[in-house]
Amino acid sequence: MILKERYILYFYLLLWFLYELQGVLGVTGSSLSLVVVVLICAISIFYCIKVNVSMRDNPFYFKALNLLVLMFTLYGIVYCLDGPHYMAGVREDKPYNYLKSIYNSLLPIYFFYYFSWKGLLSKRMMHLLLFLFFIVATLTYWGSSIDMKATMEQNGVEREEFVNNMGYRFLGLFPMLSLFRKRLSVQYVGIILLMTILLLCMKRGAIIVGLVCMVVMLLEIFQSAKNIKKVFIILLSIVTVAAVAFFSIYLLSSSDLFQMRLQATMQGDSSGRGLIYSTFLDYVLYDTNAISFLFGLGANATLEHFVDYAHNDWLELAMNQGMLGVCLYVYYWFAFFKTWHEMDKRDGLRFAFGLLLFIFFARTFFSMSCGAMDVYSTCVLGYCLGASMRLKKLKET
């Protein structure tokens, strides 16, 4: 049975690697791509049910996660059954993509939690997965950059630099670095590599969150060191910060796009998000009736009414699921925080889980978080939850 489940874990990870590498492998939109998506969703749903039916004393986090998944499922089903939708005169024929994105974002947490609780997703395996995830993410970053350049050239625009959304994917690797407590070289080299790629992606939100993660990680490494080793840690931290600073200075002197985005940030330019936020907020407060205010306008209502996402989870939920969605989201973050507060501190679990809490919560205000979790993040999230429960069981026995 254990051997069979181990193969299921390997197969699931392989499916995710294929999913992440669709653009690089050139299978986007192909039959293979469809099969991969269906298999991932089917396996994820199965283990979501398995965790809730056959496992007892699950972390408090799952109570809130279950409610979110149930809410999104109900709204997604109504969205699929409601017929064709129109956005600015353009027909949208694939409303099931709403459920696909939600399930790919949230359900893998159940899968990785189950296999971590069983001991099949071990700390040693997480070490290996960090390297594999980094390679896959780097290949995806490279492939998306090539695609953006080709698209620009087709439109008669020659550009060498682009803002790449892959920056948010690399953020998910920071918590995995904290699992390498006894391998300082991996942690410091990893911090430098991740910050380098975040800077190259030029996503301002990802860079800011990444800088906070870097500082917090360096402080955690210092606090965990003992006696004379602290001096060595300080020297390594200075080298790490200097390397990131020098690369930032290099980009500032050589990249027009980096200069432009830094200047825009200094001037308070948020890429039009201020106008988007105020428009959505005004609509929710003044242009909805009592029913739509409480229960929202339905899945993807933001696209139908404004042809764009809110780029803010709270406003997205207020539009789509109303105050029901907002209240459940508040409860979700309360459960996330409470679970982190009660988590075992050994093996870097509590610290890694705390980093995820910060990264995901910060993203709710300027990006999409709950519907855009990547496998790099959900893997370490599920691992921390499962490993913490195993330690709790060992204490009890």
# chains A, B, ... in the order shown; residues from 1 in each chain; ligands from 1

call {"tool": "residues_around", "arguments": {"residues": "range 30-38 of chain A", "least_positions_apart": "3", "cutoff": "7 Å", "atoms": "only C-alpha atoms", "output": "number ranges by chain"}}
result
A: 15, 19, 27, 41-42

call {"tool": "select_by_dssp", "arguments": {"residues": "range 33-127 of chain A", "states": "helix (DSSP H, G or I)", "output": "VMD selection string"}}
result
chain A and resid 33 to 54 61 to 81 96 to 106 108 to 117 123 to 127

call {"tool": "residues_around", "arguments": {"residues": "Tyr96 in chain A", "least_positions_apart": "3", "cutoff": "9 Å", "atoms": "only C-alpha atoms", "output": "ChimeraX atom specification"}}
result
/A:76-77,79-80,93,99-101

call {"tool": "write_last_selection", "arguments": {"atoms": "N, CA and C atoms", "output": "PDB file, in the first residue's frame"}}
result
ATOM      1  N   GLY A  76     -19.023  28.239  -8.808  1.00  0.00           N
ATOM      2  CA  GLY A  76     -18.478  27.775 -10.078  1.00  0.00           C
ATOM      3  C   GLY A  76     -19.462  26.907 -10.841  1.00  0.00           C
ATOM      4  N   ILE A  77     -20.201  26.054 -10.133  1.00  0.00           N
ATOM      5  CA  ILE A  77     -21.203  25.206 -10.779  1.00  0.00           C
ATOM      6  C   ILE A  77     -22.311  26.056 -11.390  1.00  0.00           C
ATOM      7  N   TYR A  79     -22.024  29.088 -12.328  1.00  0.00           N
ATOM      8  CA  TYR A  79     -21.399  29.787 -13.456  1.00  0.00           C
ATOM      9  C   TYR A  79     -21.355  28.893 -14.693  1.00  0.00           C
ATOM     10  N   CYS A  80     -21.031  27.605 -14.492  1.00  0.00           N
ATOM     11  CA  CYS A  80     -20.958  26.679 -15.625  1.00  0.00           C
ATOM     12  C   CYS A  80     -22.342  26.385 -16.211  1.00  0.00           C
ATOM     13  N   ASP A  93     -16.528  31.180 -23.806  1.00  0.00           N
ATOM     14  CA  ASP A  93     -17.115  29.851 -23.925  1.00  0.00           C
ATOM     15  C   ASP A  93     -16.602  28.860 -22.886  1.00  0.00           C
ATOM     16  N   LEU A  99     -13.488  27.136 -12.194  1.00  0.00           N
ATOM     17  CA  LEU A  99     -13.302  26.039 -11.256  1.00  0.00           C
ATOM     18  C   LEU A  99     -11.914  25.424 -11.384  1.00  0.00           C
ATOM     19  N   LYS A 100     -11.421  25.350 -12.603  1.00  0.00           N
ATOM     20  CA  LYS A 100     -10.082  24.769 -12.808  1.00  0.00           C
ATOM     21  C   LYS A 100      -9.023  25.565 -12.064  1.00  0.00           C
ATOM     22  N   SER A 101      -9.088  26.886 -12.150  1.00  0.00           N
ATOM     23  CA  SER A 101      -8.076  27.711 -11.487  1.00  0.00           C
ATOM     24  C   SER A 101      -8.187  27.609  -9.970  1.00  0.00           C
TER      25      SER A 101
END

call {"tool": "residues_around", "arguments": {"residues": "Gly143 in chain A", "least_positions_apart": "4", "cutoff": "9 Å", "atoms": "only C-alpha atoms", "output": "JSON, numbers by chain"}}
result
{"A": [21, 23, 24, 138, 139, 147, 148]}

call {"tool": "closest_residue", "arguments": {"among": "A:Phe62, A:Leu218, A:Asp282, A:Lys149", "to": "Lys230 in chain A", "atoms": "only C-alpha atoms"}}
result
A:Leu218

call {"tool": "atom_distance", "arguments": {"atom1": "CA of Arg169 in chain A", "atom2": "CA of Ala372 in chain A"}}
result
9.6 Å

call {"tool": "residues_around", "arguments": {"residues": "range 330-346 of chain A", "least_positions_apart": "3", "cutoff": "6 Å", "atoms": "only C-alpha atoms", "output": "count of residues only"}}
result
6

call {"tool": "atom_distance", "arguments": {"atom1": "CA of Lys229 in chain A", "atom2": "CA of Cys213 in chain A"}}
result
22.0 Å

call {"tool": "atom_distance", "arguments": {"atom1": "CA of Leu107 in chain A", "atom2": "CA of Gly167 in chain A"}}
result
22.3 Å

call {"tool": "closest_residue", "arguments": {"among": "A:Ser145, A:Ala290, A:Met176, A:Glu5", "to": "Lys118 in chain A", "atoms": "only C-alpha atoms"}}
result
A:Glu5

call {"tool": "residues_around", "arguments": {"residues": "Ala318 in chain A", "least_positions_apart": "6", "cutoff": "7 Å", "atoms": "only C-alpha atoms", "output": "list in words"}}
result
Val284, Gly296, Gly325 and Val326 of chain A

call {"tool": "residues_around", "arguments": {"residues": "Leu252 in chain A", "least_positions_apart": "6", "cutoff": "12 Å", "atoms": "only C-alpha atoms", "output": "PyMOL selection string"}}
result
chain A and resi 199-200+202+245-246+258-263

call {"tool": "closest_residue", "arguments": {"among": "A:Ala299, A:Cys48, A:Met55, A:Met373", "to": "Thr73 in chain A", "atoms": "only C-alpha atoms"}}
result
A:Ala299
